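Everything below belongs to model_33.tsv, which stores TSV, C-alpha atoms and all ligand atoms.
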chain	number	residue	atom	x	y	z
A	944	MET	CA	20.13	-13.66	-14.43
A	945	GLY	CA	16.95	-15.54	-13.64
A	946	ILE	CA	13.62	-13.89	-12.93
A	947	HIS	CA	13.68	-14.58	-9.16
A	948	THR	CA	17.14	-12.97	-8.89
A	949	LEU	CA	16.11	-9.95	-10.97
A	950	ALA	CA	12.96	-9.44	-8.87
A	951	ILE	CA	15.14	-9.14	-5.77
A	952	HIS	CA	18.29	-7.42	-7.09
A	953	ALA	CA	17.80	-5.64	-10.44
A	954	GLY	CA	18.93	-2.02	-10.24
A	955	GLU	CA	20.01	-2.13	-6.61
A	956	ALA	CA	23.21	-0.86	-5.03
A	957	PRO	CA	23.92	-0.77	-1.27
A	958	ASP	CA	23.31	2.71	0.15
A	959	PRO	CA	26.72	4.45	-0.17
A	960	THR	CA	26.42	6.38	3.09
A	961	THR	CA	25.10	3.67	5.45
A	962	GLY	CA	25.63	0.36	3.61
A	963	ALA	CA	21.93	-0.47	4.16
A	964	LEU	CA	20.89	-3.36	1.93
A	965	VAL	CA	17.20	-2.44	1.91
A	966	PRO	CA	16.80	0.48	-0.51
A	967	PRO	CA	16.12	3.74	1.33
A	968	LEU	CA	12.82	5.58	0.96
A	969	HIS	CA	13.69	9.03	-0.38
A	970	LEU	CA	10.87	11.41	0.45
A	971	ALA	CA	12.70	14.62	-0.53
A	972	ASN	CA	10.80	16.91	-2.88
A	973	THR	CA	13.92	18.75	-3.97
A	974	PHE	CA	17.63	17.96	-4.27
A	975	PHE	CA	20.82	19.98	-3.66
A	976	LEU	CA	22.26	20.90	-7.04
A	977	GLY	CA	25.85	21.48	-5.82
A	978	SER	CA	27.49	24.41	-7.56
A	979	ALA	CA	25.93	26.80	-10.05
A	980	GLU	CA	27.99	25.03	-12.75
A	981	ASP	CA	26.71	21.57	-11.70
A	982	GLY	CA	23.16	22.91	-11.61
A	983	ALA	CA	23.56	24.34	-15.11
A	984	ALA	CA	24.98	21.02	-16.39
A	985	ILE	CA	22.07	19.04	-14.86
A	986	PHE	CA	19.52	21.42	-16.37
A	987	ALA	CA	21.26	21.20	-19.75
A	988	GLY	CA	21.08	17.39	-19.59
A	989	GLU	CA	24.89	17.11	-19.62
A	990	LYS	CA	25.09	15.66	-16.12
A	991	ASP	CA	22.87	13.11	-14.31
A	992	GLY	CA	21.24	14.26	-11.11
A	993	PHE	CA	17.91	14.53	-9.34
A	994	VAL	CA	16.35	17.99	-9.27
A	995	TYR	CA	12.72	17.79	-8.16
A	996	SER	CA	10.66	14.69	-7.37
A	997	ARG	CA	8.08	15.37	-10.08
A	998	TRP	CA	10.95	15.06	-12.56
A	999	GLY	CA	12.52	11.99	-10.95
A	1000	ASN	CA	13.16	10.46	-7.52
A	1001	PRO	CA	15.77	7.85	-6.43
A	1002	THR	CA	13.27	5.39	-4.88
A	1003	VAL	CA	10.99	5.65	-7.91
A	1004	ALA	CA	14.02	5.30	-10.23
A	1005	LEU	CA	14.99	2.00	-8.58
A	1006	LEU	CA	11.47	0.66	-9.11
A	1007	GLU	CA	11.70	1.68	-12.78
A	1008	LYS	CA	15.00	-0.16	-13.25
A	1009	ARG	CA	13.60	-3.28	-11.56
A	1010	ILE	CA	10.49	-3.40	-13.75
A	1011	ALA	CA	12.46	-2.69	-16.95
A	1012	ALA	CA	14.68	-5.70	-16.16
A	1013	LEU	CA	11.66	-7.95	-15.56
A	1014	GLU	CA	9.98	-6.86	-18.82
A	1015	HIS	CA	13.19	-7.27	-20.94
A	1016	ALA	CA	12.94	-3.54	-21.67
A	1017	PRO	CA	15.55	-0.78	-22.02
A	1018	ALA	CA	13.59	1.58	-19.74
A	1019	ALA	CA	10.48	2.09	-17.60
A	1020	LEU	CA	8.58	5.01	-16.08
A	1021	ALA	CA	6.46	4.79	-12.92
A	1022	THR	CA	3.17	6.68	-12.64
A	1023	ALA	CA	0.49	7.43	-10.03
A	1024	SER	CA	-1.84	4.61	-11.17
A	1025	GLY	CA	-2.41	2.19	-14.02
A	1026	MET	CA	-4.71	4.76	-15.65
A	1027	ALA	CA	-1.94	7.40	-15.39
A	1028	ALA	CA	0.43	4.98	-17.17
A	1029	ILE	CA	-2.13	4.30	-19.90
A	1030	SER	CA	-3.07	7.96	-20.45
A	1031	THR	CA	0.56	9.15	-20.34
A	1032	ALA	CA	1.71	6.54	-22.88
A	1033	ILE	CA	-1.23	7.31	-25.20
A	1034	LEU	CA	-0.82	11.09	-24.98
A	1035	ASN	CA	2.83	10.64	-25.87
A	1036	ILE	CA	1.73	9.19	-29.22
A	1037	VAL	CA	-1.55	10.73	-30.38
A	1038	ARG	CA	-2.68	14.27	-31.11
A	1039	ALA	CA	-5.99	15.78	-32.28
A	1040	GLY	CA	-6.83	14.34	-35.71
A	1041	ASP	CA	-5.14	10.99	-35.06
A	1042	HIS	CA	-6.85	7.60	-35.10
A	1043	VAL	CA	-6.47	4.66	-32.70
A	1044	ILE	CA	-7.42	1.00	-33.06
A	1045	ALA	CA	-8.20	-0.60	-29.69
A	1046	ALA	CA	-9.22	-4.09	-28.63
A	1047	GLN	CA	-12.90	-4.17	-27.70
A	1048	ALA	CA	-12.54	-6.34	-24.56
A	1049	ILE	CA	-10.44	-4.11	-22.32
A	1050	TYR	CA	-10.61	-2.68	-18.80
A	1051	PRO	CA	-13.77	-0.50	-18.75
A	1052	SER	CA	-11.95	2.70	-17.65
A	1053	THR	CA	-9.52	2.34	-20.56
A	1054	TYR	CA	-12.49	1.86	-22.87
A	1055	HIS	CA	-14.04	5.02	-21.42
A	1056	LEU	CA	-10.75	6.93	-21.88
A	1057	PHE	CA	-10.77	6.17	-25.61
A	1058	ALA	CA	-14.54	6.46	-26.16
A	1059	ASN	CA	-15.07	9.69	-24.20
A	1060	GLU	CA	-12.01	11.59	-22.95
A	1061	LEU	CA	-9.76	11.16	-26.00
A	1062	ARG	CA	-12.71	11.60	-28.34
A	1063	ALA	CA	-13.33	15.01	-26.74
A	1064	LEU	CA	-9.70	15.89	-27.58
A	1065	GLY	CA	-10.26	15.04	-31.27
A	1066	ILE	CA	-8.78	11.52	-31.18
A	1067	GLU	CA	-11.05	8.86	-32.74
A	1068	THR	CA	-10.91	5.19	-31.73
A	1069	THR	CA	-12.16	2.16	-33.63
A	1070	PHE	CA	-12.83	-0.78	-31.32
A	1071	VAL	CA	-12.33	-4.20	-32.90
A	1072	ASP	CA	-12.51	-7.84	-31.89
A	1073	ALA	CA	-8.74	-8.19	-31.50
A	1074	THR	CA	-8.82	-11.97	-31.10
A	1075	ASP	CA	-8.43	-11.97	-34.91
A	1076	PRO	CA	-5.37	-9.92	-35.99
A	1077	GLN	CA	-6.95	-9.40	-39.41
A	1078	ASN	CA	-9.67	-7.24	-37.80
A	1079	ILE	CA	-6.86	-4.89	-36.76
A	1080	ALA	CA	-5.21	-4.90	-40.19
A	1081	ARG	CA	-8.59	-4.07	-41.79
A	1082	ALA	CA	-9.23	-1.13	-39.42
A	1083	ILE	CA	-5.99	0.71	-40.31
A	1084	VAL	CA	-6.55	4.09	-41.99
A	1085	PRO	CA	-3.93	6.67	-43.09
A	1086	ASN	CA	-4.06	8.59	-39.76
A	1087	THR	CA	-3.86	5.51	-37.47
A	1088	LYS	CA	-1.06	6.17	-34.98
A	1089	LEU	CA	-1.69	3.59	-32.27
A	1090	ILE	CA	-2.84	-0.02	-31.82
A	1091	TYR	CA	-3.90	-0.66	-28.21
A	1092	LEU	CA	-4.27	-4.17	-26.75
A	1093	GLU	CA	-4.86	-6.00	-23.49
A	1094	SER	CA	-3.98	-9.71	-23.24
A	1095	PRO	CA	-5.46	-11.47	-21.37
A	1096	GLY	CA	-8.22	-8.85	-21.54
A	1097	ASN	CA	-10.33	-7.68	-18.64
A	1098	PRO	CA	-12.72	-9.25	-17.75
A	1099	ILE	CA	-13.36	-12.15	-20.15
A	1100	LEU	CA	-9.72	-13.23	-20.64
A	1101	ALA	CA	-9.66	-12.98	-24.44
A	1102	LEU	CA	-6.13	-13.08	-25.86
A	1103	CYS	CA	-4.46	-11.06	-28.61
A	1104	ASP	CA	-1.83	-12.71	-30.81
A	1105	LEU	CA	0.98	-10.36	-29.76
A	1106	ARG	CA	3.51	-11.44	-32.40
A	1107	ALA	CA	1.05	-11.27	-35.29
A	1108	ILE	CA	-0.32	-7.86	-34.24
A	1109	ALA	CA	3.17	-6.44	-33.56
A	1110	THR	CA	4.13	-7.41	-37.12
A	1111	ILE	CA	1.03	-5.74	-38.57
A	1112	ALA	CA	1.81	-2.59	-36.53
A	1113	ARG	CA	5.49	-2.45	-37.55
A	1114	ASP	CA	4.73	-3.01	-41.23
A	1115	ALA	CA	2.30	-0.07	-41.09
A	1116	LYS	CA	4.70	2.06	-38.94
A	1117	ILE	CA	2.12	2.26	-36.14
A	1118	ILE	CA	3.07	2.09	-32.45
A	1119	SER	CA	1.64	-0.84	-30.47
A	1120	ILE	CA	0.85	-0.81	-26.74
A	1121	THR	CA	-0.34	-3.74	-24.66
A	1122	ASP	CA	-1.61	-3.79	-21.09
A	1123	ASN	CA	0.25	-6.66	-19.38
A	1124	THR	CA	-1.39	-6.28	-15.95
A	1125	PHE	CA	-3.17	-9.65	-15.96
A	1126	ALA	CA	-0.19	-11.68	-17.20
A	1127	THR	CA	2.72	-9.86	-15.48
A	1128	PRO	CA	6.24	-10.31	-16.94
A	1129	ILE	CA	6.46	-13.61	-15.08
A	1130	ASN	CA	3.91	-15.14	-17.45
A	1131	GLN	CA	4.47	-13.06	-20.61
A	1132	GLN	CA	6.98	-10.48	-21.91
A	1133	PRO	CA	5.27	-8.69	-24.84
A	1134	LEU	CA	8.37	-6.74	-25.95
A	1135	ASP	CA	9.94	-10.08	-26.91
A	1136	PHE	CA	7.14	-10.47	-29.50
A	1137	GLY	CA	7.80	-7.03	-31.02
A	1138	ILE	CA	5.22	-4.97	-29.10
A	1139	ASP	CA	6.62	-1.43	-28.66
A	1140	VAL	CA	5.23	-0.39	-25.29
A	1141	VAL	CA	3.84	-2.21	-22.25
A	1142	VAL	CA	1.65	-0.61	-19.57
A	1143	HIS	CA	0.73	-1.97	-16.15
A	1144	SER	CA	-1.44	-1.26	-13.20
A	1145	ALA	CA	1.22	-1.84	-10.53
A	1146	THR	CA	-1.67	-1.67	-8.05
A	1147	LYS	CA	-2.29	-5.32	-8.90
A	1148	TYR	CA	0.31	-8.13	-8.98
A	1149	PHE	CA	3.45	-5.94	-8.78
A	1150	GLY	CA	2.45	-4.46	-5.42
A	1151	GLY	CA	0.56	-7.65	-4.70
A	1152	HIS	CA	-0.71	-6.83	-1.22
A	1153	GLY	CA	-3.59	-4.46	-1.97
A	1154	ASP	CA	-2.01	-1.44	-0.27
A	1155	ALA	CA	-0.44	0.75	-2.99
A	1156	VAL	CA	-1.88	2.27	-6.17
A	1157	GLY	CA	0.63	2.76	-9.00
A	1158	GLY	CA	1.38	2.21	-12.67
A	1159	VAL	CA	4.27	1.77	-15.06
A	1160	ILE	CA	5.12	2.28	-18.73
A	1161	VAL	CA	7.82	0.13	-20.30
A	1162	GLY	CA	9.55	0.67	-23.65
A	1163	SER	CA	12.52	2.08	-25.53
A	1164	ARG	CA	14.78	4.69	-23.90
A	1165	GLU	CA	13.57	7.42	-26.31
A	1166	PHE	CA	9.90	6.64	-25.73
A	1167	ILE	CA	10.26	6.57	-21.94
A	1168	LYS	CA	12.37	9.75	-21.89
A	1169	GLN	CA	9.76	11.57	-23.94
A	1170	CYS	CA	6.91	10.33	-21.68
A	1171	ALA	CA	8.89	11.54	-18.64
A	1172	ASN	CA	9.82	14.93	-20.08
A	1173	GLU	CA	6.46	15.76	-21.66
A	1174	PRO	CA	3.10	14.24	-20.62
A	1175	LEU	CA	4.13	12.90	-17.20
A	1176	ARG	CA	6.04	16.01	-16.17
A	1177	PHE	CA	3.34	18.45	-17.29
A	1178	PHE	CA	0.14	16.52	-16.53
A	1179	GLY	CA	1.86	15.54	-13.30
A	1180	GLY	CA	0.62	11.98	-12.63
A	1181	ILE	CA	3.80	10.83	-10.87
A	1182	LEU	CA	4.15	7.94	-8.41
A	1183	SER	CA	4.70	8.83	-4.76
A	1184	PRO	CA	8.08	7.53	-3.45
A	1185	PHE	CA	6.22	5.86	-0.59
A	1186	ASN	CA	4.15	3.76	-3.01
A	1187	ALA	CA	7.28	3.05	-5.07
A	1188	TYR	CA	8.85	1.65	-1.90
A	1189	LEU	CA	5.85	-0.61	-1.20
A	1190	ILE	CA	5.68	-1.82	-4.81
A	1191	LEU	CA	9.45	-2.56	-4.80
A	1192	ARG	CA	8.91	-4.59	-1.66
A	1193	GLY	CA	6.07	-6.51	-3.31
A	1194	ILE	CA	8.03	-7.21	-6.50
A	1195	GLN	CA	10.65	-9.22	-4.61
A	1196	THR	CA	8.11	-12.03	-4.25
A	1197	LEU	CA	6.32	-11.50	-7.60
A	1198	PRO	CA	7.76	-14.62	-9.31
A	1199	LEU	CA	7.00	-16.74	-6.26
A	1200	ARG	CA	3.49	-15.35	-5.89
A	1201	MET	CA	2.72	-15.80	-9.59
A	1202	GLU	CA	3.65	-19.50	-9.41
A	1203	ARG	CA	1.04	-19.89	-6.69
A	1204	HIS	CA	-1.57	-17.64	-8.38
A	1205	ASN	CA	-1.13	-19.70	-11.57
A	1206	ALA	CA	-1.45	-23.06	-9.77
A	1207	ASN	CA	-4.42	-22.04	-7.60
A	1208	ALA	CA	-6.30	-20.51	-10.55
A	1209	ARG	CA	-5.80	-23.58	-12.72
A	1210	ALA	CA	-7.12	-25.88	-9.97
A	1211	ILE	CA	-10.14	-23.64	-9.41
A	1212	ALA	CA	-10.88	-23.40	-13.14
A	1213	GLN	CA	-10.79	-27.20	-13.34
A	1214	PHE	CA	-13.12	-27.49	-10.33
A	1215	LEU	CA	-15.62	-24.96	-11.73
A	1216	GLN	CA	-15.66	-26.66	-15.10
A	1217	THR	CA	-17.15	-29.79	-13.56
A	1218	HIS	CA	-19.75	-27.99	-11.38
A	1219	ARG	CA	-23.38	-28.33	-12.44
A	1220	ALA	CA	-24.26	-24.70	-11.48
A	1221	VAL	CA	-21.65	-23.39	-13.94
A	1222	GLU	CA	-22.42	-22.89	-17.63
A	1223	TRP	CA	-18.84	-22.30	-18.80
A	1224	VAL	CA	-15.40	-21.31	-17.50
A	1225	ALA	CA	-12.84	-19.02	-19.18
A	1226	TYR	CA	-9.20	-19.60	-18.23
A	1227	PRO	CA	-6.40	-19.45	-20.82
A	1228	GLY	CA	-4.76	-22.53	-19.28
A	1229	LEU	CA	-7.80	-24.77	-19.89
A	1230	PRO	CA	-7.95	-26.71	-23.18
A	1231	SER	CA	-11.58	-25.49	-23.49
A	1232	HIS	CA	-10.42	-21.83	-23.83
A	1233	PRO	CA	-10.96	-20.88	-27.51
A	1234	GLN	CA	-7.38	-19.54	-27.69
A	1235	TYR	CA	-5.67	-22.30	-25.71
A	1236	ALA	CA	-3.12	-22.90	-28.51
A	1237	LEU	CA	-2.17	-19.20	-28.56
A	1238	ALA	CA	-1.91	-19.16	-24.76
A	1239	GLN	CA	0.58	-22.05	-24.94
A	1240	LYS	CA	2.58	-20.13	-27.55
A	1241	GLN	CA	2.90	-16.75	-25.84
A	1242	MET	CA	2.40	-17.36	-22.10
A	1243	ARG	CA	4.53	-19.32	-19.64
A	1244	GLY	CA	1.80	-19.42	-16.99
A	1245	PHE	CA	-1.86	-18.47	-17.31
A	1246	GLY	CA	-2.38	-16.10	-14.41
A	1247	GLY	CA	-4.62	-15.81	-11.39
A	1248	MET	CA	-7.81	-14.57	-13.08
A	1249	VAL	CA	-10.72	-16.94	-13.77
A	1250	CYS	CA	-14.14	-16.05	-15.22
A	1251	PHE	CA	-17.22	-18.22	-15.22
A	1252	GLU	CA	-20.84	-17.99	-16.23
A	1253	LEU	CA	-23.43	-19.11	-13.70
A	1254	LYS	CA	-26.60	-20.84	-14.79
A	1255	GLY	CA	-29.63	-18.79	-13.71
A	1256	GLY	CA	-28.71	-15.29	-14.91
A	1257	ILE	CA	-28.29	-12.07	-13.01
A	1258	ASN	CA	-29.92	-13.12	-9.71
A	1259	SER	CA	-27.74	-16.21	-9.37
A	1260	GLY	CA	-24.63	-13.96	-9.59
A	1261	ALA	CA	-25.88	-11.66	-6.85
A	1262	ARG	CA	-26.79	-14.68	-4.67
A	1263	LEU	CA	-23.31	-16.19	-5.02
A	1264	MET	CA	-21.74	-12.88	-3.91
A	1265	ASN	CA	-23.79	-13.08	-0.69
A	1266	ALA	CA	-23.11	-16.78	-0.12
A	1267	VAL	CA	-19.28	-16.83	-0.20
A	1268	LYS	CA	-17.33	-16.12	3.00
A	1269	LEU	CA	-13.59	-16.52	2.30
A	1270	CYS	CA	-13.75	-14.87	-1.14
A	1271	SER	CA	-14.21	-11.11	-0.64
A	1272	LEU	CA	-16.75	-9.25	-2.78
A	1273	ALA	CA	-14.47	-6.49	-4.09
A	1274	VAL	CA	-13.13	-4.96	-7.28
A	1275	SER	CA	-9.41	-4.94	-8.16
A	1276	LEU	CA	-7.19	-8.00	-8.51
A	1277	GLY	CA	-3.76	-9.45	-7.86
A	1278	ASP	CA	-3.96	-9.37	-4.05
A	1279	THR	CA	-2.90	-12.15	-1.69
A	1280	ARG	CA	-6.58	-12.66	-0.82
A	1281	THR	CA	-9.18	-14.02	-3.26
A	1282	LEU	CA	-11.50	-11.33	-4.64
A	1283	ILE	CA	-14.81	-12.07	-6.34
A	1284	VAL	CA	-17.03	-9.78	-8.36
A	1285	HIS	CA	-20.28	-10.10	-10.31
A	1286	PRO	CA	-19.86	-7.35	-12.94
A	1287	ALA	CA	-23.54	-7.25	-14.03
A	1288	SER	CA	-24.72	-6.23	-10.53
A	1289	THR	CA	-21.70	-4.04	-9.66
A	1290	THR	CA	-19.01	-2.63	-12.00
A	1291	HIS	CA	-21.17	-2.86	-15.14
A	1292	SER	CA	-24.55	-2.01	-13.57
A	1293	VAL	CA	-24.06	1.61	-14.73
A	1294	VAL	CA	-24.07	0.74	-18.46
A	1295	THR	CA	-27.07	-0.58	-20.42
A	1296	ARG	CA	-27.48	-4.34	-20.71
A	1297	ALA	CA	-26.80	-4.12	-24.46
A	1298	GLU	CA	-23.50	-2.26	-23.89
A	1299	ARG	CA	-22.50	-4.70	-21.18
A	1300	ILE	CA	-23.24	-7.73	-23.37
A	1301	ALA	CA	-21.25	-6.12	-26.24
A	1302	GLN	CA	-18.25	-5.96	-23.89
A	1303	GLY	CA	-18.66	-9.68	-23.16
A	1304	VAL	CA	-20.14	-9.19	-19.70
A	1305	SER	CA	-23.09	-11.58	-19.61
A	1306	ASP	CA	-25.72	-11.71	-16.83
A	1307	GLY	CA	-24.22	-14.60	-14.85
A	1308	LEU	CA	-20.56	-13.71	-15.38
A	1309	VAL	CA	-18.39	-13.94	-12.25
A	1310	ARG	CA	-14.77	-12.78	-12.11
A	1311	LEU	CA	-12.39	-14.29	-9.60
A	1312	SER	CA	-8.98	-12.93	-8.72
A	1313	VAL	CA	-7.60	-16.10	-7.20
A	1314	GLY	CA	-5.44	-15.41	-4.15
A	1315	LEU	CA	-2.69	-17.25	-2.36
A	1316	GLU	CA	-4.80	-19.04	0.27
A	1317	ASP	CA	-4.85	-22.85	0.43
A	1318	VAL	CA	-6.66	-23.81	-2.76
A	1319	GLU	CA	-8.81	-26.39	-0.92
A	1320	ASP	CA	-10.21	-23.57	1.25
A	1321	ILE	CA	-11.08	-21.40	-1.77
A	1322	ILE	CA	-12.74	-24.36	-3.52
A	1323	ALA	CA	-14.69	-25.26	-0.36
A	1324	ASP	CA	-15.95	-21.66	-0.10
A	1325	LEU	CA	-17.03	-21.60	-3.76
A	1326	GLU	CA	-18.62	-25.04	-3.46
A	1327	ARG	CA	-20.64	-23.94	-0.43
A	1328	GLY	CA	-21.63	-20.72	-2.21
A	1329	LEU	CA	-22.66	-22.54	-5.40
A	1330	GLU	CA	-24.83	-24.98	-3.41
A	1331	LYS	CA	-26.65	-22.10	-1.63
A	1332	LYS	CA	-27.02	-20.01	-4.75
A	1401	LIG	C1	-6.11	-4.47	-16.93
A	1401	LIG	C2	-6.14	-3.21	-16.14
A	1401	LIG	N1	-5.44	-2.15	-16.60
A	1401	LIG	C3	-5.43	-0.97	-15.92
A	1401	LIG	C4	-6.14	-0.82	-14.76
A	1401	LIG	C5	-6.15	0.53	-14.06
A	1401	LIG	O1	-5.26	0.49	-12.99
A	1401	LIG	P1	-5.35	1.53	-11.76
A	1401	LIG	O2	-6.58	1.21	-11.00
A	1401	LIG	O3	-4.07	1.26	-11.03
A	1401	LIG	O4	-5.38	2.90	-12.35
A	1401	LIG	C6	-6.87	-1.90	-14.25
A	1401	LIG	C7	-7.63	-1.76	-12.98
A	1401	LIG	O5	-8.36	-2.63	-12.58
A	1401	LIG	C8	-6.88	-3.13	-14.96
A	1401	LIG	O6	-7.58	-4.19	-14.54
Using structure tokens, write down the structure that the file contains.
Amino acid sequence: MGIHTLAIHAGEAPDPTTGALVPPLHLANTFFLGSAEDGAAIFAGEKDGFVYSRWGNPTVALLEKRIAALEHAPAALATASGMAAISTAILNIVRAGDHVIAAQAIYPSTYHLFANELRALGIETTFVDATDPQNIARAIVPNTKLIYLESPGNPILALCDLRAIATIARDAKIISITDNTFATPINQQPLDFGIDVVVHSATKYFGGHGDAVGGVIVGSREFIKQCANEPLRFFGGILSPFNAYLILRGIQTLPLRMERHNANARAIAQFLQTHRAVEWVAYPGLPSHPQYALAQKQMRGFGGMVCFELKGGINSGARLMNAVKLCSLAVSLGDTRTLIVHPASTTHSVVTRAERIAQGVSDGLVRLSVGLEDVEDIIADLERGLEKK
């Protein structure tokens, strides 16, 4: 079935007791086990059944089936946030003494997780410029257990060649994970290129309305079962059924919304490229993007995220944030409304300038999460802001 149909129907069945077509929101913490024999069979794994919501919940399970279908995956596992998905998937693979290779240009909290939290647990990470797959091949050492990617990467929209890196990983018997939050399965399905595991912040495009934090891990049945039975169950970062319900609701319009995010972002990237206050624009759908050919090969659409560098350095970024009216100065992405952020004066103001520049966050860099408003209105707001700046 097509992607629009799957987004609305995958995994669903009318409620057997009421016939309700909208999936019910199951808030129960615990479930009746039936007889002692049934209970024993469920605990022994011989019979399917819900036991306790930290181990599995019907509303959350429907969300997992829906996302697995969209990602062309055998199974999925929902988590409390994108970071819970990332940490659960990683902790299902690595132990003290293991080595990880990670792309350098990734979401700052993921970078921190590798550089600080996992390091403290005895897991070393080598960060590489993953735009060249050979940098990954060269960084492999005998105890490398994981290759971690993000494509397009946050915030500067660098791409990883998913097929080439998946091949390197498989040849070396190393598990590969990619964060597909920016692309969504509407624009890119990494498992089709041989990547083993996909992670998402469902807080972003899946939910789509800025009102539910969540995450998801996607992969083989064995991998997902192990994540569910070990790190997720015992570290406890499960998704609330209420947020699963909201994210399921959002996913029904994901393909439709992504068409509009893609179209609006492309038009805005083209507008910015011609503006005299703008030094350069990064958008994978623009021929000027250094990896435009790769984008054409592995993406169907190029997403709603646009980055640009303002002439005039750090102060010009701060001035633009104060000059726009329709675009909201806020972190996060993937909402219906357009969000704008100047990392150097906000998200990255806590790190040194040198560290920030090493992560690709230059002084005048602005990140836009292009929303679903009329594109003429977003452009008019930016144009006004760029004139005032
Ligand atoms: C690419 C990417 N991955 C993961 C996350 C973390 O997601 P969450 O905030 O849901 O934990 C974010 C958050 O911005 C992100 O941009």
Quick one: pull the distance between atom CA of A:Asp981 and atom CA of A:Tyr995, Å, one decimal.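 Separating atom CA of A:Asp981 from atom CA of A:Tyr995 is a distance of 14.9 Å.
With all atoms listed in the file as the basis for measurement, A:Phe1125 is the residue among A:Phe1185, A:Tyr1091, A:Phe1125, A:Trp998 that approaches ligand LIG 1401 (chain A) most closely.
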Centre, x/y/z edge lengths, axis-aligned box for ligand LIG 1401 (chain A) with 3 Å per side, as lines of an AutoDock Vina configuration file:
center_x = -6.2
center_y = -0.8
center_z = -14.0
size_x = 10.3
size_y = 13.4
size_z = 11.9
* To do: All residues within 8 Å of ligand LIG 1401 (chain A) are required, counting all atoms listed in the file; please report them as a PyMOL selection string.
  => chain A and resi 1023-1029+1049-1050+1052-1053+1093+1096-1098+1122-1125+1142-1147+1156-1158+1274-1276
Residue selection dump (C-alpha atoms) as a PDB file, in the coordinates of the input:
ATOM      1  CA  ALA A1023       0.490   7.430 -10.030  1.00  0.00           C
ATOM      2  CA  SER A1024      -1.840   4.610 -11.170  1.00  0.00           C
ATOM      3  CA  GLY A1025      -2.410   2.190 -14.020  1.00  0.00           C
ATOM      4  CA  MET A1026      -4.710   4.760 -15.650  1.00  0.00           C
ATOM      5  CA  ALA A1027      -1.940   7.400 -15.390  1.00  0.00           C
ATOM      6  CA  ALA A1028       0.430   4.980 -17.170  1.00  0.00           C
ATOM      7  CA  ILE A1029      -2.130   4.300 -19.900  1.00  0.00           C
ATOM      8  CA  ILE A1049     -10.440  -4.110 -22.320  1.00  0.00           C
ATOM      9  CA  TYR A1050     -10.610  -2.680 -18.800  1.00  0.00           C
ATOM     10  CA  SER A1052     -11.950   2.700 -17.650  1.00  0.00           C
ATOM     11  CA  THR A1053      -9.520   2.340 -20.560  1.00  0.00           C
ATOM     12  CA  GLU A1093      -4.860  -6.000 -23.490  1.00  0.00           C
ATOM     13  CA  GLY A1096      -8.220  -8.850 -21.540  1.00  0.00           C
ATOM     14  CA  ASN A1097     -10.330  -7.680 -18.640  1.00  0.00           C
ATOM     15  CA  PRO A1098     -12.720  -9.250 -17.750  1.00  0.00           C
ATOM     16  CA  ASP A1122      -1.610  -3.790 -21.090  1.00  0.00           C
ATOM     17  CA  ASN A1123       0.250  -6.660 -19.380  1.00  0.00           C
ATOM     18  CA  THR A1124      -1.390  -6.280 -15.950  1.00  0.00           C
ATOM     19  CA  PHE A1125      -3.170  -9.650 -15.960  1.00  0.00           C
ATOM     20  CA  VAL A1142       1.650  -0.610 -19.570  1.00  0.00           C
ATOM     21  CA  HIS A1143       0.730  -1.970 -16.150  1.00  0.00           C
ATOM     22  CA  SER A1144      -1.440  -1.260 -13.200  1.00  0.00           C
ATOM     23  CA  ALA A1145       1.220  -1.840 -10.530  1.00  0.00           C
ATOM     24  CA  THR A1146      -1.670  -1.670  -8.050  1.00  0.00           C
ATOM     25  CA  LYS A1147      -2.290  -5.320  -8.900  1.00  0.00           C
ATOM     26  CA  VAL A1156      -1.880   2.270  -6.170  1.00  0.00           C
ATOM     27  CA  GLY A1157       0.630   2.760  -9.000  1.00  0.00           C
ATOM     28  CA  GLY A1158       1.380   2.210 -12.670  1.00  0.00           C
ATOM     29  CA  VAL A1274     -13.130  -4.960  -7.280  1.00  0.00           C
ATOM     30  CA  SER A1275      -9.410  -4.940  -8.160  1.00  0.00           C
ATOM     31  CA  LEU A1276      -7.190  -8.000  -8.510  1.00  0.00           C
TER      32      LEU A1276
END
In Å and to one decimal, atom CA of A:Pro959 is distant from atom CA of A:Glu980 by 24.2 Å
Practice prompt. Considering only C-alpha atoms, return as a PyMOL selection string whatever protein or nucleic-acid residues lie within 8 Å of A:Tyr1188, sequence-local ones (same chain, fewer than 2 positions apart) excluded.
Written response: chain A and resi 968+1002-1003+1006+1184-1186+1190-1192
Within 6 Å of stretch 1302-1307 of chain A, counting only C-alpha atoms, which residues show up once you throw out same-chain ones fewer than 2 positions away? Write them as a PDB file with C-alpha atoms, in the frame of the given file, please.
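Output file part01.pdb follows:
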ATOM      1  CA  ALA A1048     -12.540  -6.340 -24.560  1.00  0.00           C
ATOM      2  CA  GLU A1252     -20.840 -17.990 -16.230  1.00  0.00           C
ATOM      3  CA  LEU A1253     -23.430 -19.110 -13.700  1.00  0.00           C
ATOM      4  CA  GLY A1256     -28.710 -15.290 -14.910  1.00  0.00           C
ATOM      5  CA  ILE A1257     -28.290 -12.070 -13.010  1.00  0.00           C
ATOM      6  CA  GLY A1260     -24.630 -13.960  -9.590  1.00  0.00           C
ATOM      7  CA  ALA A1287     -23.540  -7.250 -14.030  1.00  0.00           C
ATOM      8  CA  ARG A1299     -22.500  -4.700 -21.180  1.00  0.00           C
ATOM      9  CA  ILE A1300     -23.240  -7.730 -23.370  1.00  0.00           C
TER      10      ILE A1300
END
Selection: 7 Å around A:Pro1198, only C-alpha atoms, excl. self and same-chain fewer than 3 positions, as a compact mmCIF listing (two decimals) with C-alpha atoms, in the coordinates of the input:
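To be explicit, this is the file written out as around-v6.txt:
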# COMPACT_ATOMS: atom_id res chain seq x y z
CA ILE A 946 13.62 -13.89 -12.93
CA HIS A 947 13.68 -14.58 -9.16
CA ILE A 1129 6.46 -13.61 -15.08
CA MET A 1201 2.72 -15.80 -9.59
CA GLU A 1202 3.65 -19.50 -9.41
